[in-house]
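A.B. asks: My structure is in upload_6.txt, and what it holds is compact mmCIF, C-alpha atoms:
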```
# COMPACT_ATOMS: atom_id res chain seq x y z
CA MET A 1 12.15 -15.60 -17.82
CA LYS A 2 13.50 -18.60 -15.95
CA ARG A 3 13.83 -18.28 -12.20
CA ASN A 4 17.38 -18.55 -10.91
CA PRO A 5 17.38 -20.83 -7.85
CA SER A 6 20.39 -18.98 -6.48
CA LEU A 7 18.24 -15.91 -6.04
CA LEU A 8 15.67 -17.69 -3.96
CA LEU A 9 15.86 -16.85 -0.32
CA THR A 10 13.62 -18.77 2.05
CA ILE A 11 13.14 -17.60 5.57
CA THR A 12 11.04 -18.95 8.37
CA ILE A 13 9.17 -16.10 10.04
CA ILE A 14 8.64 -16.00 13.76
CA LEU A 15 5.06 -14.98 14.37
CA ILE A 16 4.77 -12.45 17.18
CA LEU A 17 1.22 -12.29 18.48
CA PRO A 18 0.44 -9.23 20.60
CA LEU A 19 -1.07 -9.67 24.03
CA GLY A 20 -4.36 -8.23 25.17
CA PHE A 21 -6.47 -8.62 22.03
CA ALA A 22 -7.54 -11.22 19.53
CA CYS A 23 -5.45 -11.58 16.41
CA THR A 24 -8.22 -9.98 14.37
CA GLU A 25 -7.81 -6.72 16.25
CA LEU A 26 -5.01 -4.19 15.86
CA GLY A 27 -5.28 -2.12 18.99
CA SER A 28 -4.05 -2.36 22.56
CA ASP A 29 -1.94 -0.33 24.92
CA ASN A 30 1.17 -2.06 23.62
CA ILE A 31 0.83 -3.93 20.35
CA MET A 32 4.59 -4.38 19.98
CA SER A 33 6.97 -6.69 21.75
CA ASP A 34 10.32 -5.24 22.78
CA GLU A 35 11.94 -8.12 20.95
CA ILE A 36 13.29 -7.30 17.50
CA THR A 37 13.97 -10.29 15.29
CA ASP A 38 16.85 -10.00 12.86
CA TYR A 39 15.26 -11.58 9.81
CA GLU A 40 17.47 -12.83 7.02
CA TRP A 41 15.82 -11.30 3.95
CA PRO A 42 17.61 -8.50 2.05
CA ARG A 43 18.11 -5.26 3.97
CA GLU A 44 16.35 -3.20 1.33
CA ASN A 45 13.84 -0.41 1.89
CA TYR A 46 10.40 -1.96 1.45
CA HIS A 47 7.83 0.50 0.17
CA ALA A 48 4.55 -1.38 -0.31
CA ILE A 49 2.79 -4.61 0.57
CA TRP A 50 -0.28 -6.35 -0.83
CA GLY A 51 -1.80 -9.81 -0.85
CA THR A 52 -4.84 -11.94 -1.50
CA SER A 53 -4.81 -13.89 1.77
CA PRO A 54 -2.54 -14.57 4.76
CA ASN A 55 -0.84 -17.20 2.59
CA THR A 56 -0.19 -15.07 -0.49
CA ILE A 57 1.49 -11.73 0.20
CA PHE A 58 3.95 -9.65 -1.86
CA THR A 59 6.19 -6.81 -0.73
CA VAL A 60 8.33 -4.63 -3.01
CA GLY A 61 11.31 -2.39 -2.41
CA SER A 62 14.65 -0.99 -3.45
CA SER A 63 17.02 -2.73 -5.89
CA GLY A 64 14.05 -4.35 -7.64
CA VAL A 65 13.48 -6.74 -4.73
CA ILE A 66 10.14 -8.54 -4.46
CA LEU A 67 9.45 -11.03 -1.67
CA ARG A 68 6.54 -13.45 -1.54
CA TYR A 69 5.08 -14.86 1.68
CA ASP A 70 3.30 -18.23 1.67
CA GLY A 71 2.10 -18.15 5.27
CA VAL A 72 5.36 -19.57 6.61
CA ASN A 73 8.32 -18.36 4.54
CA TRP A 74 9.35 -15.21 2.69
CA THR A 75 10.97 -16.02 -0.66
CA GLN A 76 12.89 -13.59 -2.84
CA MET A 77 11.68 -13.65 -6.43
CA GLU A 78 13.61 -12.99 -9.62
CA THR A 79 12.34 -9.72 -11.09
CA GLY A 80 14.77 -8.87 -13.89
CA THR A 81 15.18 -5.30 -12.64
CA GLU A 82 17.23 -3.36 -10.12
CA SER A 83 14.89 -0.37 -10.18
CA THR A 84 13.33 0.63 -6.87
CA LEU A 85 9.70 -0.50 -6.66
CA PHE A 86 7.07 1.62 -4.93
CA GLY A 87 3.73 -0.13 -5.40
CA VAL A 88 2.16 -3.56 -5.78
CA TRP A 89 -1.38 -4.76 -6.50
CA GLY A 90 -3.11 -7.69 -8.14
CA SER A 91 -6.48 -9.20 -8.90
CA SER A 92 -5.23 -12.61 -7.74
CA GLY A 93 -2.05 -14.34 -6.67
CA SER A 94 -1.31 -15.17 -10.30
CA ASN A 95 -2.06 -11.72 -11.72
CA VAL A 96 0.06 -9.18 -9.86
CA TYR A 97 1.63 -5.86 -10.91
CA ALA A 98 4.53 -3.92 -9.40
CA VAL A 99 5.55 -0.36 -10.30
CA GLY A 100 8.59 1.77 -9.69
CA GLU A 101 11.52 3.90 -10.79
CA SER A 102 12.08 4.98 -14.41
CA GLY A 103 8.66 3.84 -15.60
CA THR A 104 9.10 0.29 -14.35
CA LEU A 105 5.94 -1.82 -14.67
CA LEU A 106 6.18 -5.54 -13.93
CA HIS A 107 3.57 -8.27 -14.27
CA TYR A 108 3.51 -11.62 -12.47
CA ASP A 109 1.51 -14.42 -14.10
CA GLY A 110 1.86 -16.95 -11.32
CA THR A 111 5.15 -18.26 -12.69
CA GLU A 112 7.45 -15.34 -13.45
CA TRP A 113 7.75 -11.57 -13.50
CA SER A 114 8.01 -9.82 -16.87
CA ALA A 115 8.41 -6.16 -17.84
CA ILE A 116 5.74 -4.09 -19.59
CA ASP A 117 7.13 -1.14 -21.55
CA LEU A 118 4.82 1.88 -21.46
CA GLY A 119 7.48 4.16 -22.89
CA LEU A 120 7.64 6.01 -19.57
CA ARG A 121 10.85 7.20 -17.97
CA THR A 122 9.27 8.86 -14.97
CA ARG A 123 8.75 7.12 -11.64
CA ILE A 124 5.48 5.25 -11.14
CA HIS A 125 4.43 5.80 -7.54
CA SER A 126 1.16 3.96 -7.11
CA ILE A 127 -1.14 1.25 -8.41
CA TRP A 128 -4.64 0.02 -7.61
CA GLY A 129 -7.30 -1.87 -9.50
CA ALA A 130 -11.00 -2.63 -9.26
CA SER A 131 -10.59 -5.78 -11.36
CA GLU A 132 -8.16 -7.39 -13.79
CA ASP A 133 -9.47 -5.15 -16.57
CA LYS A 134 -9.73 -1.89 -14.62
CA ILE A 135 -6.34 -0.90 -13.20
CA PHE A 136 -4.82 2.53 -12.51
CA ILE A 137 -1.22 3.65 -12.00
CA GLY A 138 -0.07 7.09 -10.85
CA THR A 139 3.24 8.72 -11.80
CA ALA A 140 5.64 11.27 -10.33
CA ALA A 141 4.80 13.53 -13.26
CA GLY A 142 1.18 13.82 -12.10
CA SER A 143 -0.36 11.51 -14.68
CA ILE A 144 -2.64 8.49 -14.31
CA TYR A 145 -2.72 5.57 -16.73
CA HIS A 146 -5.68 3.22 -17.03
CA PHE A 147 -5.59 -0.43 -18.13
CA ASP A 148 -8.83 -1.73 -19.64
CA GLY A 149 -7.73 -5.32 -20.02
CA HIS A 150 -6.12 -4.71 -23.39
CA GLU A 151 -4.01 -1.56 -23.30
CA TRP A 152 -2.74 1.22 -21.04
CA ASN A 153 -3.95 4.75 -21.81
CA GLU A 154 -3.00 8.04 -20.20
CA GLN A 155 -5.87 9.97 -18.62
CA GLN A 156 -6.04 13.73 -18.57
CA LEU A 157 -5.63 15.48 -15.22
CA SER A 158 -5.92 19.11 -14.25
CA VAL A 159 -3.47 18.95 -11.32
CA SER A 160 0.28 18.94 -10.84
CA GLY A 161 2.51 16.88 -8.57
CA ALA A 162 3.05 13.17 -8.10
CA ILE A 163 0.11 10.79 -7.73
CA ASN A 164 1.12 8.92 -4.59
CA GLY A 165 -1.94 6.83 -3.82
CA ILE A 166 -4.97 5.36 -5.57
CA TRP A 167 -7.80 3.43 -3.92
CA GLY A 168 -11.40 2.50 -4.55
CA SER A 169 -14.17 0.43 -3.04
CA HIS A 170 -15.46 -0.66 -6.44
CA THR A 171 -15.47 0.50 -10.04
CA ASP A 172 -17.60 3.59 -9.35
CA GLU A 173 -15.88 4.83 -6.17
CA ILE A 174 -12.21 5.54 -6.91
CA PHE A 175 -9.95 8.24 -5.46
CA ALA A 176 -6.36 9.42 -5.94
CA VAL A 177 -4.11 11.63 -3.80
CA GLY A 178 -0.86 13.38 -4.50
CA THR A 179 2.03 15.60 -3.54
CA ALA A 180 0.12 18.78 -4.42
CA GLY A 181 -2.39 18.00 -1.66
CA THR A 182 -5.22 17.43 -4.10
CA ILE A 183 -7.77 14.63 -3.76
CA LEU A 184 -9.22 13.40 -7.05
CA ARG A 185 -12.34 11.35 -7.67
CA TYR A 186 -12.94 9.25 -10.78
CA GLU A 187 -16.30 10.12 -12.29
CA GLU A 188 -17.56 9.06 -15.71
CA ASP A 189 -14.05 8.34 -17.03
CA GLU A 190 -12.72 11.67 -15.72
CA TRP A 191 -10.65 12.63 -12.69
CA ILE A 192 -12.28 15.52 -10.80
CA SER A 193 -10.63 17.47 -7.98
CA VAL A 194 -12.78 17.18 -4.85
CA SER A 195 -10.37 18.72 -2.33
CA ASP A 196 -7.24 20.83 -2.57
CA GLY A 197 -5.01 23.04 -0.46
CA ASN A 198 -4.10 20.11 1.78
CA PRO A 199 -0.56 19.12 2.82
CA SER A 200 1.18 16.60 0.58
CA LEU A 201 -0.80 13.36 0.61
CA PHE A 202 0.77 9.90 0.43
CA ALA A 203 -1.95 7.28 0.79
CA ILE A 204 -5.69 6.68 0.72
CA TRP A 205 -7.84 3.83 2.04
CA GLY A 206 -11.45 3.15 2.93
CA THR A 207 -13.87 0.44 3.98
CA SER A 208 -15.29 -1.90 1.37
CA ASP A 209 -18.59 -0.01 1.35
CA ALA A 210 -16.70 3.34 1.18
CA ASP A 211 -18.63 4.50 4.23
CA ILE A 212 -15.31 5.52 5.80
CA ILE A 213 -12.39 6.89 3.72
CA TYR A 214 -9.09 8.31 4.94
CA ALA A 215 -6.31 10.17 3.14
CA THR A 216 -2.95 10.52 4.90
CA GLY A 217 0.05 12.77 4.37
CA SER A 218 2.84 14.97 5.65
CA GLY A 219 2.93 16.54 9.10
CA GLY A 220 0.69 13.87 10.63
CA THR A 221 -2.17 14.64 8.25
CA VAL A 222 -5.15 12.28 8.34
CA LEU A 223 -8.23 13.50 6.45
CA LYS A 224 -11.58 11.74 6.83
CA TYR A 225 -14.27 11.94 4.18
CA ASP A 226 -17.62 13.15 5.52
CA ARG A 227 -20.18 11.80 3.07
CA GLU A 228 -23.00 13.92 4.50
CA THR A 229 -21.20 17.21 3.86
CA ASP A 230 -19.06 15.92 0.96
CA GLU A 231 -15.99 17.38 2.70
CA TRP A 232 -12.63 16.05 3.87
CA MET A 233 -12.16 16.82 7.56
CA ASP A 234 -8.80 16.93 9.38
CA GLU A 235 -8.60 14.39 12.21
CA ASN A 236 -6.04 16.62 14.03
CA LEU A 237 -3.82 13.85 15.33
CA ASN A 238 -1.25 14.47 18.02
CA THR A 239 1.76 13.91 15.74
CA THR A 240 3.76 15.84 13.17
CA ASN A 241 5.24 12.75 11.55
CA GLY A 242 4.31 12.01 7.97
CA ILE A 243 1.80 9.17 7.56
CA TYR A 244 2.81 6.94 4.63
CA GLY A 245 0.47 3.96 4.86
CA ILE A 246 -3.03 3.12 6.06
CA TRP A 247 -5.16 -0.03 6.16
CA GLY A 248 -7.98 -1.46 8.24
CA SER A 249 -10.28 -4.43 8.57
CA SER A 250 -13.28 -2.23 9.42
CA ALA A 251 -14.28 1.30 10.37
CA THR A 252 -13.36 0.50 14.00
CA ASN A 253 -10.06 -1.24 13.34
CA VAL A 254 -7.64 0.96 11.35
CA ILE A 255 -3.86 1.27 11.47
CA ALA A 256 -1.72 4.05 10.00
CA THR A 257 2.08 4.01 9.70
CA GLY A 258 4.73 6.56 8.94
CA LEU A 259 7.92 8.46 9.66
CA ASN A 260 10.41 7.19 12.24
CA GLY A 261 8.44 4.08 13.18
CA THR A 262 5.12 5.86 13.71
CA ILE A 263 2.16 3.50 14.25
CA LEU A 264 -1.33 4.87 14.98
CA PHE A 265 -4.47 2.88 15.75
CA PHE A 266 -8.12 3.91 15.41
CA ASP A 267 -10.76 1.98 17.37
CA GLY A 268 -13.80 3.77 16.00
CA GLU A 269 -13.58 6.61 18.53
CA ASP A 270 -9.98 7.72 19.03
CA TRP A 271 -6.59 7.61 17.33
CA THR A 272 -3.83 6.42 19.69
CA GLY A 273 -0.10 6.13 19.18
CA GLN A 274 1.45 2.70 19.65
CA ASP A 275 4.82 1.88 21.17
CA ARG A 276 7.62 2.03 18.62
CA PHE A 277 9.93 -0.90 18.09
CA SER A 278 11.93 0.74 15.29
CA MET A 279 12.91 4.21 14.13
CA GLU A 280 12.80 3.14 10.49
CA ASN A 281 10.11 4.69 8.31
CA ILE A 282 7.12 2.35 7.97
CA SER A 283 5.91 2.77 4.40
CA GLY A 284 3.23 0.13 3.98
CA VAL A 285 0.65 -1.87 5.91
CA TRP A 286 -1.69 -4.62 4.74
CA GLY A 287 -3.76 -7.34 6.33
CA SER A 288 -6.30 -10.10 5.83
CA ARG A 289 -8.31 -12.28 8.21
CA GLY A 290 -6.35 -11.32 11.30
CA THR A 291 -2.92 -11.29 9.66
CA VAL A 292 -1.39 -7.79 9.50
CA PHE A 293 2.07 -6.93 8.19
CA ILE A 294 3.99 -3.67 8.09
CA VAL A 295 7.03 -2.94 5.90
CA GLY A 296 9.60 -0.18 5.85
CA GLY A 297 13.20 0.92 5.83
CA TYR A 298 16.31 -1.21 6.14
CA GLY A 299 14.59 -4.56 5.69
CA LEU A 300 11.72 -3.90 8.08
CA ILE A 301 9.01 -6.54 7.67
CA ARG A 302 6.94 -7.40 10.71
CA GLU A 303 3.68 -9.07 11.60
CA LEU A 304 1.63 -7.24 14.22
```
Take the structure in the file and write it out as structure tokens.

C.D. replies:
Amino acid sequence: MKRNPSLLLTITIILILPLGFACTELGSDNIMSDEITDYEWPRENYHAIWGTSPNTIFTVGSSGVILRYDGVNWTQMETGTESTLFGVWGSSGSNVYAVGESGTLLHYDGTEWSAIDLGLRTRIHSIWGASEDKIFIGTAAGSIYHFDGHEWNEQQLSVSGAINGIWGSHTDEIFAVGTAGTILRYEEDEWISVSDGNPSLFAIWGTSDADIIYATGSGGTVLKYDRETDEWMDENLNTTNGIYGIWGSSATNVIATGLNGTILFFDGEDWTGQDRFSMENISGVWGSRGTVFIVGGYGLIREL
């Protein structure tokens, strides 16, 4: 698929560095400036963001839009689809996958995006991988597909409801969460329910050593995994807004985002709400080496 230059949109981003903390930290009394920059990229709803470094970041959204950030500019990429995209993940900047509406699965090889036909017509909500030959996608129909480097195979689940988030620290520590409020753990090529009866869950994230793991969901739900008791404990945050995204650089530097511009920060002891600069839903958050971006509704893309 040849890239159409007319579709390329290059924008210079204005970096807004918060006052009161180093750029490697997320928290302060006010991490947001009152200034709102009217960026020139498409006013789509951006649902997910992922990258390999501060110079290679992808965000995906409605109308099949994918933007790539090179550390200076956001560029719109030709995708060949108008389907809304909900998830993005890769093993490198030249091996990236995006998933979305009507079974859409796209692959980027460093040059162009191409479609992979799994024969699915249901929405694909989530994607995560441990390596280029161990990738998982979750669907709105409550199924998970696994890629082993050669082919995609459906895995049997004993739960219902959409699989909204998948995350792992390595190949042997992988979790999934979904609309039914169930938390699944991948053990010996099987998905086992390890917690249920929770509110609808949208995202899951943990530290690289899996010492700290959080699952987030509706009504301000943030569940923390207690490895000693093997239980998921409610953090009881002072918000009723749904929490759609979560990411951190360490156990003492975590940010969660959600409904109506909600931004929460955890410093290792307490969760605190941050000043809002937008009432748009913030669907995704991702960072690397001091660079942190959030994405959301109506073209919202912002560096914290």

A.B. asks: Taking only C-alpha atoms into account, which of A:Ser53, A:Ser91, A:Thr59, A:Ser218 comes nearest Gly284 (chain A)?

C.D. replies: A:Thr59

A.B. asks: Find the residues near Ile163 (chain A): any atom within 10 Å, counting only C-alpha atoms, skip ones fewer than 5 places away on the same chain, and give them as number ranges by chain.

C.D. replies: A: 124-127, 137-144, 176-184, 201-203

A.B. asks: When you look at Asp267 (chain A) with a cut-off of 8 Å (counting all atoms listed in the file), what residues show up, excluding the ones that are within fewer than 6 positions of it in the same chain? I need them as a PDB file with C-alpha atoms, keeping the file's coordinate frame.

C.D. replies:
```pdb
ATOM      1  CA  GLY A  27      -5.280  -2.120  18.990  1.00  0.00           C
ATOM      2  CA  ALA A 251     -14.280   1.300  10.370  1.00  0.00           C
ATOM      3  CA  THR A 252     -13.360   0.500  14.000  1.00  0.00           C
ATOM      4  CA  ASN A 253     -10.060  -1.240  13.340  1.00  0.00           C
ATOM      5  CA  VAL A 254      -7.640   0.960  11.350  1.00  0.00           C
TER       6      VAL A 254
END
```

A.B. asks: Using all atoms listed in the file, which of the listed residues (A:Gly168, A:Gly219, A:Gly197, A:Gly100) sits closest to Thr84 (chain A)?

C.D. replies: A:Gly100

A.B. asks: Taking (13.0, -8.3, -14.2) in the file's coordinates as the center, which residues reach within 8 Å of it, counting only C-alpha atoms, put as a list of chain:residue names?

C.D. replies: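 Checked against the point, the hits come out as A:Gly64, A:Glu78, A:Thr79, A:Gly80, A:Thr81, A:Glu82, A:Leu106, A:Trp113, A:Ser114, A:Ala115.
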
A.B. asks: To one decimal in Å, tell me the separation between CA of Ile255 (chain A) and CA of Ala215 (chain A).

C.D. replies: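 Going from CA of Ile255 (chain A) over to CA of Ala215 (chain A), I get 12.4 Å.
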
A.B. asks: Build an axis-aligned box that encloses every atom of region 181-195 of chain A listed in the file, pad it by 8 Å on each side, and report its centre and edge lengths in Å to one decimal, as JSON.

C.D. replies:
```
{"center_x": -10.0, "center_y": 13.5, "center_z": -9.3, "size_x": 31.2, "size_y": 26.4, "size_z": 31.4}
```

A.B. asks: Between A:Asp211, A:Val88, A:Arg289, A:Tyr108, which one has atoms that come closest to Ile166 (chain A), using only C-alpha atoms?

C.D. replies: A:Val88

A.B. asks: Determine, counting all atoms listed in the file, which protein, DNA and RNA residues have an atom within 9 Å of an atom of region 229-237 of chain A; residues of the same chain fewer than 2 positions away are not included. Present the result as a count of residues only.

C.D. replies: 16

A.B. asks: Kindly indicate which residue among A:Ile301, A:Ser131, A:Asn260, A:Gly103 lies nearest to Gly119 (chain A), using all atoms listed in the file for the distances.

C.D. replies: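 When distances to Gly119 (chain A) are compared using all atoms listed in the file, the smallest one comes from A:Gly103.
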
A.B. asks: Just checking: using all atoms listed in the file, which residue out of A:Ile213, A:Ile243, A:Val295, A:Leu157 ends up closest to Pro199 (chain A)?

C.D. replies: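 Result for the nearest residue to Pro199 (chain A): A:Ile243.
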
A.B. asks: As an exercise, work out the distance from CA of Asp209 (chain A) to CA of His170 (chain A) in Å and give it to one decimal place.

C.D. replies: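 Calculated distance between CA of Asp209 (chain A) and CA of His170 (chain A) is 8.4 Å.
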